[in-house]
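File shown: query.txt. Contents: compact mmCIF, N, CA and C atoms.
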# COMPACT_ATOMS: atom_id res chain seq x y z
N MET N 1 13.41 7.86 -5.61
CA MET N 1 14.34 8.52 -4.73
C MET N 1 15.77 8.39 -5.27
N LEU N 2 15.85 7.90 -6.50
CA LEU N 2 17.15 7.81 -7.15
C LEU N 2 17.79 9.19 -7.28
N GLY N 3 16.95 10.22 -7.52
CA GLY N 3 17.45 11.59 -7.64
C GLY N 3 18.16 12.06 -6.39
N TRP N 4 17.71 11.61 -5.25
CA TRP N 4 18.32 11.99 -3.96
C TRP N 4 19.78 11.54 -3.94
N LYS N 5 19.99 10.31 -4.36
CA LYS N 5 21.34 9.75 -4.41
C LYS N 5 22.17 10.40 -5.52
N THR N 6 21.55 10.56 -6.70
CA THR N 6 22.24 11.13 -7.85
C THR N 6 22.71 12.56 -7.58
N LEU N 7 21.90 13.34 -6.88
CA LEU N 7 22.28 14.71 -6.55
C LEU N 7 23.28 14.80 -5.40
N GLY N 8 23.60 13.67 -4.80
CA GLY N 8 24.62 13.63 -3.75
C GLY N 8 24.13 13.92 -2.36
N HIS N 9 22.83 14.01 -2.17
CA HIS N 9 22.29 14.31 -0.84
C HIS N 9 22.60 13.18 0.15
N GLU N 10 22.47 11.94 -0.30
CA GLU N 10 22.70 10.80 0.59
C GLU N 10 24.12 10.81 1.14
N ALA N 11 25.11 11.03 0.27
CA ALA N 11 26.51 11.05 0.71
C ALA N 11 26.81 12.29 1.55
N ARG N 12 26.30 13.44 1.13
CA ARG N 12 26.60 14.69 1.83
C ARG N 12 25.98 14.72 3.22
N LEU N 13 24.74 14.25 3.34
CA LEU N 13 24.02 14.30 4.62
C LEU N 13 24.17 13.01 5.42
N LYS N 14 24.78 11.99 4.83
CA LYS N 14 24.95 10.69 5.48
C LYS N 14 23.60 10.16 5.98
N ASP N 15 22.65 10.08 5.06
CA ASP N 15 21.32 9.63 5.43
C ASP N 15 20.87 8.47 4.55
N ARG N 16 19.71 7.95 4.86
CA ARG N 16 19.08 6.88 4.08
C ARG N 16 17.62 7.24 3.90
N ILE N 17 17.08 6.87 2.74
CA ILE N 17 15.66 7.07 2.49
C ILE N 17 14.98 5.70 2.45
N VAL N 18 13.87 5.60 3.15
CA VAL N 18 13.03 4.41 3.11
C VAL N 18 11.73 4.87 2.47
N ASN N 19 11.34 4.20 1.37
CA ASN N 19 10.12 4.65 0.71
C ASN N 19 9.23 3.48 0.32
N TYR N 20 7.95 3.81 0.20
CA TYR N 20 6.94 2.88 -0.30
C TYR N 20 5.94 3.72 -1.06
N ALA N 21 5.82 3.48 -2.37
CA ALA N 21 4.94 4.27 -3.25
C ALA N 21 5.32 5.74 -3.13
N ASP N 22 4.39 6.58 -2.69
CA ASP N 22 4.70 8.01 -2.60
C ASP N 22 4.98 8.47 -1.18
N ASP N 23 5.16 7.55 -0.26
CA ASP N 23 5.51 7.88 1.13
C ASP N 23 6.98 7.56 1.35
N PHE N 24 7.66 8.39 2.13
CA PHE N 24 9.06 8.10 2.43
C PHE N 24 9.46 8.72 3.76
N VAL N 25 10.55 8.18 4.31
CA VAL N 25 11.16 8.67 5.54
C VAL N 25 12.62 8.88 5.23
N ILE N 26 13.17 10.01 5.66
CA ILE N 26 14.60 10.26 5.54
C ILE N 26 15.20 10.05 6.91
N CYS N 27 16.08 9.08 7.03
CA CYS N 27 16.73 8.77 8.30
C CYS N 27 18.13 9.41 8.29
N CYS N 28 18.39 10.28 9.26
CA CYS N 28 19.68 10.96 9.29
C CYS N 28 20.07 11.25 10.74
N ARG N 29 21.32 11.65 10.90
CA ARG N 29 21.84 11.98 12.23
C ARG N 29 22.31 13.43 12.25
N GLY N 30 21.52 14.30 12.84
CA GLY N 30 21.93 15.68 13.02
C GLY N 30 21.82 16.56 11.78
N THR N 31 21.28 16.04 10.69
CA THR N 31 21.17 16.84 9.47
C THR N 31 19.72 16.98 9.00
N ALA N 32 18.78 16.90 9.92
CA ALA N 32 17.36 16.91 9.56
C ALA N 32 16.95 18.21 8.87
N ALA N 33 17.42 19.34 9.35
CA ALA N 33 17.04 20.62 8.74
C ALA N 33 17.53 20.70 7.30
N GLN N 34 18.78 20.27 7.07
CA GLN N 34 19.31 20.30 5.70
C GLN N 34 18.58 19.30 4.81
N ALA N 35 18.26 18.13 5.36
CA ALA N 35 17.53 17.12 4.59
C ALA N 35 16.14 17.62 4.22
N MET N 36 15.47 18.28 5.14
CA MET N 36 14.14 18.82 4.87
C MET N 36 14.21 19.87 3.77
N THR N 37 15.18 20.77 3.85
CA THR N 37 15.34 21.81 2.83
C THR N 37 15.63 21.19 1.47
N ALA N 38 16.56 20.24 1.42
CA ALA N 38 16.91 19.58 0.16
C ALA N 38 15.71 18.85 -0.43
N MET N 39 14.94 18.17 0.42
CA MET N 39 13.76 17.44 -0.05
C MET N 39 12.72 18.40 -0.62
N GLN N 40 12.47 19.51 0.06
CA GLN N 40 11.48 20.47 -0.42
C GLN N 40 11.92 21.10 -1.74
N GLU N 41 13.21 21.42 -1.88
CA GLU N 41 13.72 21.98 -3.13
C GLU N 41 13.60 20.97 -4.27
N MET N 42 13.93 19.72 -3.98
CA MET N 42 13.85 18.68 -4.99
C MET N 42 12.40 18.46 -5.44
N MET N 43 11.47 18.40 -4.50
CA MET N 43 10.06 18.22 -4.84
C MET N 43 9.53 19.41 -5.63
N SER N 44 9.97 20.60 -5.29
CA SER N 44 9.55 21.80 -6.00
C SER N 44 10.02 21.75 -7.46
N LYS N 45 11.26 21.34 -7.68
CA LYS N 45 11.79 21.23 -9.05
C LYS N 45 11.02 20.19 -9.86
N LEU N 46 10.55 19.15 -9.20
CA LEU N 46 9.77 18.11 -9.86
C LEU N 46 8.29 18.48 -9.99
N LYS N 47 7.94 19.68 -9.48
CA LYS N 47 6.55 20.16 -9.48
C LYS N 47 5.62 19.23 -8.70
N LEU N 48 6.15 18.69 -7.61
CA LEU N 48 5.37 17.86 -6.70
C LEU N 48 5.12 18.64 -5.42
N THR N 49 3.99 18.39 -4.79
CA THR N 49 3.70 19.08 -3.54
C THR N 49 3.96 18.15 -2.37
N VAL N 50 4.38 18.73 -1.28
CA VAL N 50 4.63 18.00 -0.04
C VAL N 50 3.49 18.31 0.91
N ASN N 51 2.86 17.28 1.46
CA ASN N 51 1.77 17.47 2.42
C ASN N 51 2.38 17.93 3.74
N GLU N 52 2.25 19.22 4.01
CA GLU N 52 2.88 19.81 5.20
C GLU N 52 2.29 19.27 6.51
N THR N 53 1.03 18.81 6.47
CA THR N 53 0.44 18.28 7.70
C THR N 53 1.01 16.91 8.05
N LYS N 54 1.52 16.19 7.05
CA LYS N 54 2.10 14.87 7.30
C LYS N 54 3.63 14.90 7.39
N THR N 55 4.23 16.05 7.14
CA THR N 55 5.69 16.16 7.10
C THR N 55 6.20 16.68 8.43
N HIS N 56 7.06 15.90 9.08
CA HIS N 56 7.56 16.25 10.41
C HIS N 56 9.03 15.89 10.53
N VAL N 57 9.71 16.55 11.44
CA VAL N 57 11.05 16.14 11.87
C VAL N 57 10.86 15.54 13.25
N ARG N 58 11.34 14.33 13.42
CA ARG N 58 11.22 13.64 14.71
C ARG N 58 12.62 13.34 15.24
N GLN N 59 12.78 13.52 16.53
CA GLN N 59 14.05 13.28 17.21
C GLN N 59 13.93 11.96 17.97
N LEU N 60 14.55 10.91 17.43
CA LEU N 60 14.55 9.62 18.12
C LEU N 60 15.73 9.58 19.08
N PRO N 61 15.64 9.01 20.23
CA PRO N 61 14.56 8.15 20.73
C PRO N 61 13.50 8.89 21.52
N ASP N 62 13.59 10.22 21.62
CA ASP N 62 12.64 10.97 22.45
C ASP N 62 11.23 11.00 21.87
N GLU N 63 11.10 10.90 20.54
CA GLU N 63 9.81 10.96 19.89
C GLU N 63 9.61 9.71 19.05
N THR N 64 8.38 9.49 18.62
CA THR N 64 8.06 8.37 17.73
C THR N 64 7.46 8.93 16.45
N PHE N 65 7.35 8.08 15.44
CA PHE N 65 6.66 8.47 14.22
C PHE N 65 5.97 7.25 13.63
N ASP N 66 4.91 7.50 12.86
CA ASP N 66 4.14 6.43 12.21
C ASP N 66 4.48 6.41 10.72
N PHE N 67 4.64 5.19 10.20
CA PHE N 67 4.93 5.01 8.78
C PHE N 67 4.36 3.67 8.36
N LEU N 68 3.45 3.70 7.41
CA LEU N 68 2.84 2.48 6.85
C LEU N 68 2.17 1.60 7.89
N GLY N 69 1.53 2.22 8.87
CA GLY N 69 0.79 1.46 9.87
C GLY N 69 1.61 0.99 11.05
N TYR N 70 2.89 1.35 11.08
CA TYR N 70 3.77 0.97 12.18
C TYR N 70 4.19 2.22 12.93
N THR N 71 4.46 2.08 14.22
CA THR N 71 5.01 3.16 15.02
C THR N 71 6.46 2.84 15.31
N PHE N 72 7.34 3.75 14.93
CA PHE N 72 8.78 3.57 15.13
C PHE N 72 9.23 4.44 16.29
N GLY N 73 10.05 3.88 17.15
CA GLY N 73 10.56 4.64 18.29
C GLY N 73 11.12 3.71 19.34
N LEU N 74 11.25 4.25 20.53
CA LEU N 74 11.82 3.51 21.65
C LEU N 74 10.73 2.65 22.29
N HIS N 75 10.97 1.35 22.34
CA HIS N 75 10.01 0.41 22.91
C HIS N 75 10.74 -0.59 23.80
N ARG N 76 10.03 -1.07 24.82
CA ARG N 76 10.63 -2.05 25.73
C ARG N 76 10.50 -3.44 25.12
N SER N 77 11.60 -4.19 25.14
CA SER N 77 11.61 -5.56 24.64
C SER N 77 10.81 -6.46 25.55
N ASN N 78 9.95 -7.30 24.97
CA ASN N 78 9.18 -8.25 25.77
C ASN N 78 10.08 -9.33 26.36
N ARG N 79 11.14 -9.67 25.66
CA ARG N 79 12.05 -10.74 26.12
C ARG N 79 13.01 -10.27 27.20
N SER N 80 13.74 -9.19 26.90
CA SER N 80 14.81 -8.79 27.83
C SER N 80 14.39 -7.67 28.78
N GLY N 81 13.34 -6.95 28.45
CA GLY N 81 12.93 -5.82 29.27
C GLY N 81 13.73 -4.56 28.98
N ARG N 82 14.72 -4.65 28.09
CA ARG N 82 15.55 -3.50 27.75
C ARG N 82 14.84 -2.61 26.74
N TRP N 83 15.20 -1.34 26.71
CA TRP N 83 14.65 -0.40 25.76
C TRP N 83 15.44 -0.48 24.46
N MET N 84 14.75 -0.42 23.31
CA MET N 84 15.43 -0.45 22.01
C MET N 84 14.60 0.30 20.98
N LEU N 85 15.29 0.77 19.94
CA LEU N 85 14.59 1.41 18.83
C LEU N 85 14.06 0.32 17.91
N ARG N 86 12.76 0.35 17.66
CA ARG N 86 12.15 -0.63 16.77
C ARG N 86 10.74 -0.18 16.41
N GLN N 87 10.08 -0.97 15.57
CA GLN N 87 8.71 -0.65 15.18
C GLN N 87 7.74 -1.53 15.94
N THR N 88 6.54 -1.01 16.14
CA THR N 88 5.45 -1.79 16.73
C THR N 88 4.20 -1.50 15.93
N GLY N 89 3.18 -2.29 16.16
CA GLY N 89 1.90 -2.04 15.54
C GLY N 89 1.53 -3.04 14.47
N GLN N 90 2.40 -3.98 14.16
CA GLN N 90 2.13 -4.94 13.10
C GLN N 90 0.87 -5.74 13.41
N GLU N 91 0.74 -6.22 14.62
CA GLU N 91 -0.42 -7.03 14.98
C GLU N 91 -1.70 -6.21 14.88
N ALA N 92 -1.66 -4.98 15.39
CA ALA N 92 -2.85 -4.12 15.33
C ALA N 92 -3.17 -3.78 13.88
N HIS N 93 -2.14 -3.54 13.10
CA HIS N 93 -2.35 -3.22 11.69
C HIS N 93 -2.98 -4.40 10.96
N ARG N 94 -2.45 -5.59 11.17
CA ARG N 94 -3.01 -6.78 10.52
C ARG N 94 -4.44 -7.03 10.97
N ALA N 95 -4.71 -6.85 12.25
CA ALA N 95 -6.06 -7.07 12.77
C ALA N 95 -7.04 -6.10 12.11
N GLY N 96 -6.61 -4.85 11.92
CA GLY N 96 -7.46 -3.86 11.27
C GLY N 96 -7.73 -4.22 9.83
N VAL N 97 -6.73 -4.74 9.14
CA VAL N 97 -6.90 -5.15 7.75
C VAL N 97 -7.87 -6.31 7.68
N ARG N 98 -7.68 -7.32 8.54
CA ARG N 98 -8.58 -8.47 8.56
C ARG N 98 -10.00 -8.05 8.87
N GLU N 99 -10.16 -7.16 9.84
CA GLU N 99 -11.48 -6.73 10.27
C GLU N 99 -12.22 -6.01 9.15
N ASN N 100 -11.51 -5.23 8.35
CA ASN N 100 -12.14 -4.44 7.30
C ASN N 100 -12.24 -5.17 5.97
N GLN N 101 -11.64 -6.33 5.85
CA GLN N 101 -11.57 -7.01 4.57
C GLN N 101 -12.91 -7.54 4.09
N HIS N 102 -13.64 -8.23 4.94
CA HIS N 102 -14.86 -8.91 4.51
C HIS N 102 -16.02 -8.64 5.46
N ASP N 103 -16.42 -7.40 5.59
CA ASP N 103 -17.53 -7.06 6.46
C ASP N 103 -18.84 -7.01 5.69
N ASP N 104 -19.06 -7.96 4.78
CA ASP N 104 -20.25 -7.91 3.94
C ASP N 104 -21.23 -9.04 4.25
N GLY N 105 -21.23 -9.50 5.48
CA GLY N 105 -22.21 -10.52 5.85
C GLY N 105 -21.55 -11.82 6.28
N PRO N 106 -22.39 -12.86 6.48
CA PRO N 106 -21.86 -14.13 6.96
C PRO N 106 -20.97 -14.80 5.92
N LYS N 107 -20.05 -15.58 6.42
CA LYS N 107 -19.11 -16.30 5.56
C LYS N 107 -19.70 -17.66 5.19
N HIS N 108 -19.65 -18.03 3.92
CA HIS N 108 -20.16 -19.31 3.44
C HIS N 108 -19.06 -20.05 2.71
N ARG N 109 -19.02 -21.36 2.92
CA ARG N 109 -18.07 -22.18 2.17
C ARG N 109 -18.71 -22.60 0.87
N ALA N 110 -17.91 -22.65 -0.16
CA ALA N 110 -18.41 -23.14 -1.44
C ALA N 110 -18.57 -24.65 -1.36
N THR N 111 -19.63 -25.16 -1.95
CA THR N 111 -19.84 -26.62 -1.97
C THR N 111 -19.98 -27.08 -3.41
N GLN N 112 -19.74 -28.34 -3.62
CA GLN N 112 -19.90 -28.91 -4.95
C GLN N 112 -21.38 -29.18 -5.18
N PRO N 113 -21.84 -29.11 -6.44
CA PRO N 113 -23.26 -29.41 -6.71
C PRO N 113 -23.59 -30.82 -6.23
N GLY N 114 -24.75 -30.97 -5.59
CA GLY N 114 -25.19 -32.26 -5.09
C GLY N 114 -24.63 -32.60 -3.71
N ARG N 115 -23.77 -31.73 -3.15
CA ARG N 115 -23.17 -32.00 -1.85
C ARG N 115 -23.53 -30.92 -0.85
N GLU N 116 -24.60 -30.13 -1.11
CA GLU N 116 -25.00 -29.07 -0.20
C GLU N 116 -25.29 -29.67 1.18
N GLY N 117 -24.83 -28.96 2.18
CA GLY N 117 -25.10 -29.37 3.54
C GLY N 117 -24.13 -30.42 4.07
N ARG N 118 -23.36 -31.06 3.24
CA ARG N 118 -22.40 -32.06 3.69
C ARG N 118 -21.07 -31.39 3.97
N ARG N 119 -20.45 -31.84 5.02
CA ARG N 119 -19.11 -31.32 5.34
C ARG N 119 -18.07 -32.20 4.67
N THR N 120 -17.02 -31.55 4.19
CA THR N 120 -15.95 -32.32 3.53
C THR N 120 -14.78 -32.48 4.44

If you convert what's in this file into structure tokens, what do you get?
Amino acid sequence: MLGWKTLGHEARLKDRIVNYADDFVICCRGTAAQAMTAMQEMMSKLKLTVNETKTHVRQLPDETFDFLGYTFGLHRSNRSGRWMLRQTGQEAHRAGVRENQHDDGPKHRATQPGREGRRT
């Protein structure tokens, strides 16, 4: 996403890009249409395709969006009860990863030869 900054989009649109591998979010205030157009033009020049089914403009705080297993948007604080913009889903995401990691049968501890059946 260095090209975004080099071409001056970040300064012109006053936005920030958050990326991980080939996924990214453009965070901006009131310039979403221009950011979308600039991103599509840039990807086209690079001969990259944009997955239109995964590409959306979201208006926070009225809407939420998912990125890397987290949901970003307006959520009520457990401590204060106040509404704030933040991400949720970390616990559910981690639980899903743990659940899918080792579903290949019962878990066994490795033992040293001659110590089978003994607990250490």

- Task: Considering all atoms listed in the file, return as an MDAnalysis selection string whatever protein or nucleic-acid residues lie within 6.5 Å of Phe72 of chain N, sequence-local ones (same chain, fewer than 2 positions apart) excluded.
- Result: chainID N and resid 63:67 70 74 86:88

Open item on the list: Using Å and a single decimal, report how far atom CA of Pro61 of chain N sits from atom CA of Gly73 of chain N.
Closed with: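 Going from atom CA of Gly73 of chain N over to atom CA of Pro61 of chain N, I get 5.9 Å.
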
Next item on the list: Would you list the contacts of Val25 of chain N as a list in words, taking every protein, DNA or RNA residue within 10 Å and counting only C-alpha atoms, but skipping same-chain residues closer than 5 positions in sequence?
Entry: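 Here the qualifying residues turn out to be Arg16, Ile17, Val18, Asn19, Tyr20, Thr55, His56, Val57, Phe65, Asp66 and Phe67 of chain N.
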
Exercise for review: Quick one: pull the distance between atom N of Glu10 of chain N and atom C of Gln59 of chain N, Å, one decimal.
Suggested key: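 Separation between atom N of Glu10 of chain N and atom C of Gln59 of chain N: 20.2 Å.
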
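Atom C of Met84 of chain N is positioned 28.3 Å from atom N of Glu52 of chain N.
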
Given the choices N:Ser44, N:Leu13, N:Arg82, N:Gly8, which gets closest to Thr31 of chain N if the distance is worked out from only N, CA and C atoms?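 Nearest candidate to Thr31 of chain N out of N:Ser44, N:Leu13, N:Arg82, N:Gly8: N:Leu13.
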
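Those residues of segment 35-95 of chain N that DSSP, working from the backbone, places in alpha helix (DSSP H) are Ala35, Met36, Thr37, Ala38, Met39, Gln40, Glu41, Met42, Met43, Ser44, Lys45, Gln90, Glu91, Ala92, His93, Arg94 and Ala95 of chain N.
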
Can you list, as a PDB file with N, CA and C atoms, keeping the file's coordinate frame, every residue of segment 12-103 of chain N that DSSP puts in strand (DSSP E)?
ATOM      1  N   ARG N  16      19.710   7.950   4.860  1.00  0.00           N
ATOM      2  CA  ARG N  16      19.080   6.880   4.080  1.00  0.00           C
ATOM      3  C   ARG N  16      17.620   7.240   3.900  1.00  0.00           C
ATOM      4  N   ILE N  17      17.080   6.870   2.740  1.00  0.00           N
ATOM      5  CA  ILE N  17      15.660   7.070   2.490  1.00  0.00           C
ATOM      6  C   ILE N  17      14.980   5.700   2.450  1.00  0.00           C
ATOM      7  N   VAL N  18      13.870   5.600   3.150  1.00  0.00           N
ATOM      8  CA  VAL N  18      13.030   4.410   3.110  1.00  0.00           C
ATOM      9  C   VAL N  18      11.730   4.870   2.470  1.00  0.00           C
ATOM     10  N   ASN N  19      11.340   4.200   1.370  1.00  0.00           N
ATOM     11  CA  ASN N  19      10.120   4.650   0.710  1.00  0.00           C
ATOM     12  C   ASN N  19       9.230   3.480   0.320  1.00  0.00           C
ATOM     13  N   TYR N  20       7.950   3.810   0.200  1.00  0.00           N
ATOM     14  CA  TYR N  20       6.940   2.880  -0.300  1.00  0.00           C
ATOM     15  C   TYR N  20       5.940   3.720  -1.060  1.00  0.00           C
ATOM     16  N   ASP N  23       5.160   7.550  -0.260  1.00  0.00           N
ATOM     17  CA  ASP N  23       5.510   7.880   1.130  1.00  0.00           C
ATOM     18  C   ASP N  23       6.980   7.560   1.350  1.00  0.00           C
ATOM     19  N   PHE N  24       7.660   8.390   2.130  1.00  0.00           N
ATOM     20  CA  PHE N  24       9.060   8.100   2.430  1.00  0.00           C
ATOM     21  C   PHE N  24       9.460   8.720   3.760  1.00  0.00           C
ATOM     22  N   VAL N  25      10.550   8.180   4.310  1.00  0.00           N
ATOM     23  CA  VAL N  25      11.160   8.670   5.540  1.00  0.00           C
ATOM     24  C   VAL N  25      12.620   8.880   5.230  1.00  0.00           C
ATOM     25  N   ILE N  26      13.170  10.010   5.660  1.00  0.00           N
ATOM     26  CA  ILE N  26      14.600  10.260   5.540  1.00  0.00           C
ATOM     27  C   ILE N  26      15.200  10.050   6.910  1.00  0.00           C
ATOM     28  N   CYS N  27      16.080   9.080   7.030  1.00  0.00           N
ATOM     29  CA  CYS N  27      16.730   8.770   8.300  1.00  0.00           C
ATOM     30  C   CYS N  27      18.130   9.410   8.290  1.00  0.00           C
ATOM     31  N   PHE N  65       7.350   8.080  15.440  1.00  0.00           N
ATOM     32  CA  PHE N  65       6.660   8.470  14.220  1.00  0.00           C
ATOM     33  C   PHE N  65       5.970   7.250  13.630  1.00  0.00           C
ATOM     34  N   ASP N  66       4.910   7.500  12.860  1.00  0.00           N
ATOM     35  CA  ASP N  66       4.140   6.430  12.210  1.00  0.00           C
ATOM     36  C   ASP N  66       4.480   6.410  10.720  1.00  0.00           C
ATOM     37  N   PHE N  67       4.640   5.190  10.200  1.00  0.00           N
ATOM     38  CA  PHE N  67       4.930   5.010   8.780  1.00  0.00           C
ATOM     39  C   PHE N  67       4.360   3.670   8.360  1.00  0.00           C
ATOM     40  N   TYR N  70       2.890   1.350  11.080  1.00  0.00           N
ATOM     41  CA  TYR N  70       3.770   0.970  12.180  1.00  0.00           C
ATOM     42  C   TYR N  70       4.190   2.220  12.930  1.00  0.00           C
ATOM     43  N   THR N  71       4.460   2.080  14.220  1.00  0.00           N
ATOM     44  CA  THR N  71       5.010   3.160  15.020  1.00  0.00           C
ATOM     45  C   THR N  71       6.460   2.840  15.310  1.00  0.00           C
ATOM     46  N   PHE N  72       7.340   3.750  14.930  1.00  0.00           N
ATOM     47  CA  PHE N  72       8.780   3.570  15.130  1.00  0.00           C
ATOM     48  C   PHE N  72       9.230   4.440  16.290  1.00  0.00           C
ATOM     49  N   GLY N  73      10.050   3.880  17.150  1.00  0.00           N
ATOM     50  CA  GLY N  73      10.560   4.640  18.290  1.00  0.00           C
ATOM     51  C   GLY N  73      11.120   3.710  19.340  1.00  0.00           C
ATOM     52  N   LEU N  74      11.250   4.250  20.530  1.00  0.00           N
ATOM     53  CA  LEU N  74      11.820   3.510  21.650  1.00  0.00           C
ATOM     54  C   LEU N  74      10.730   2.650  22.290  1.00  0.00           C
ATOM     55  N   HIS N  75      10.970   1.350  22.340  1.00  0.00           N
ATOM     56  CA  HIS N  75      10.010   0.410  22.910  1.00  0.00           C
ATOM     57  C   HIS N  75      10.740  -0.590  23.800  1.00  0.00           C
ATOM     58  N   ARG N  76      10.030  -1.070  24.820  1.00  0.00           N
ATOM     59  CA  ARG N  76      10.630  -2.050  25.730  1.00  0.00           C
ATOM     60  C   ARG N  76      10.500  -3.440  25.120  1.00  0.00           C
ATOM     61  N   TRP N  83      15.200  -1.340  26.710  1.00  0.00           N
ATOM     62  CA  TRP N  83      14.650  -0.400  25.760  1.00  0.00           C
ATOM     63  C   TRP N  83      15.440  -0.480  24.460  1.00  0.00           C
ATOM     64  N   MET N  84      14.750  -0.420  23.310  1.00  0.00           N
ATOM     65  CA  MET N  84      15.430  -0.450  22.010  1.00  0.00           C
ATOM     66  C   MET N  84      14.600   0.300  20.980  1.00  0.00           C
ATOM     67  N   LEU N  85      15.290   0.770  19.940  1.00  0.00           N
ATOM     68  CA  LEU N  85      14.590   1.410  18.830  1.00  0.00           C
ATOM     69  C   LEU N  85      14.060   0.320  17.910  1.00  0.00           C
ATOM     70  N   ARG N  86      12.760   0.350  17.660  1.00  0.00           N
ATOM     71  CA  ARG N  86      12.150  -0.630  16.770  1.00  0.00           C
ATOM     72  C   ARG N  86      10.740  -0.180  16.410  1.00  0.00           C
ATOM     73  N   GLN N  87      10.080  -0.970  15.570  1.00  0.00           N
ATOM     74  CA  GLN N  87       8.710  -0.650  15.180  1.00  0.00           C
ATOM     75  C   GLN N  87       7.740  -1.530  15.940  1.00  0.00           C
ATOM     76  N   THR N  88       6.540  -1.010  16.140  1.00  0.00           N
ATOM     77  CA  THR N  88       5.450  -1.790  16.730  1.00  0.00           C
ATOM     78  C   THR N  88       4.200  -1.500  15.930  1.00  0.00           C
TER      79      THR N  88
END
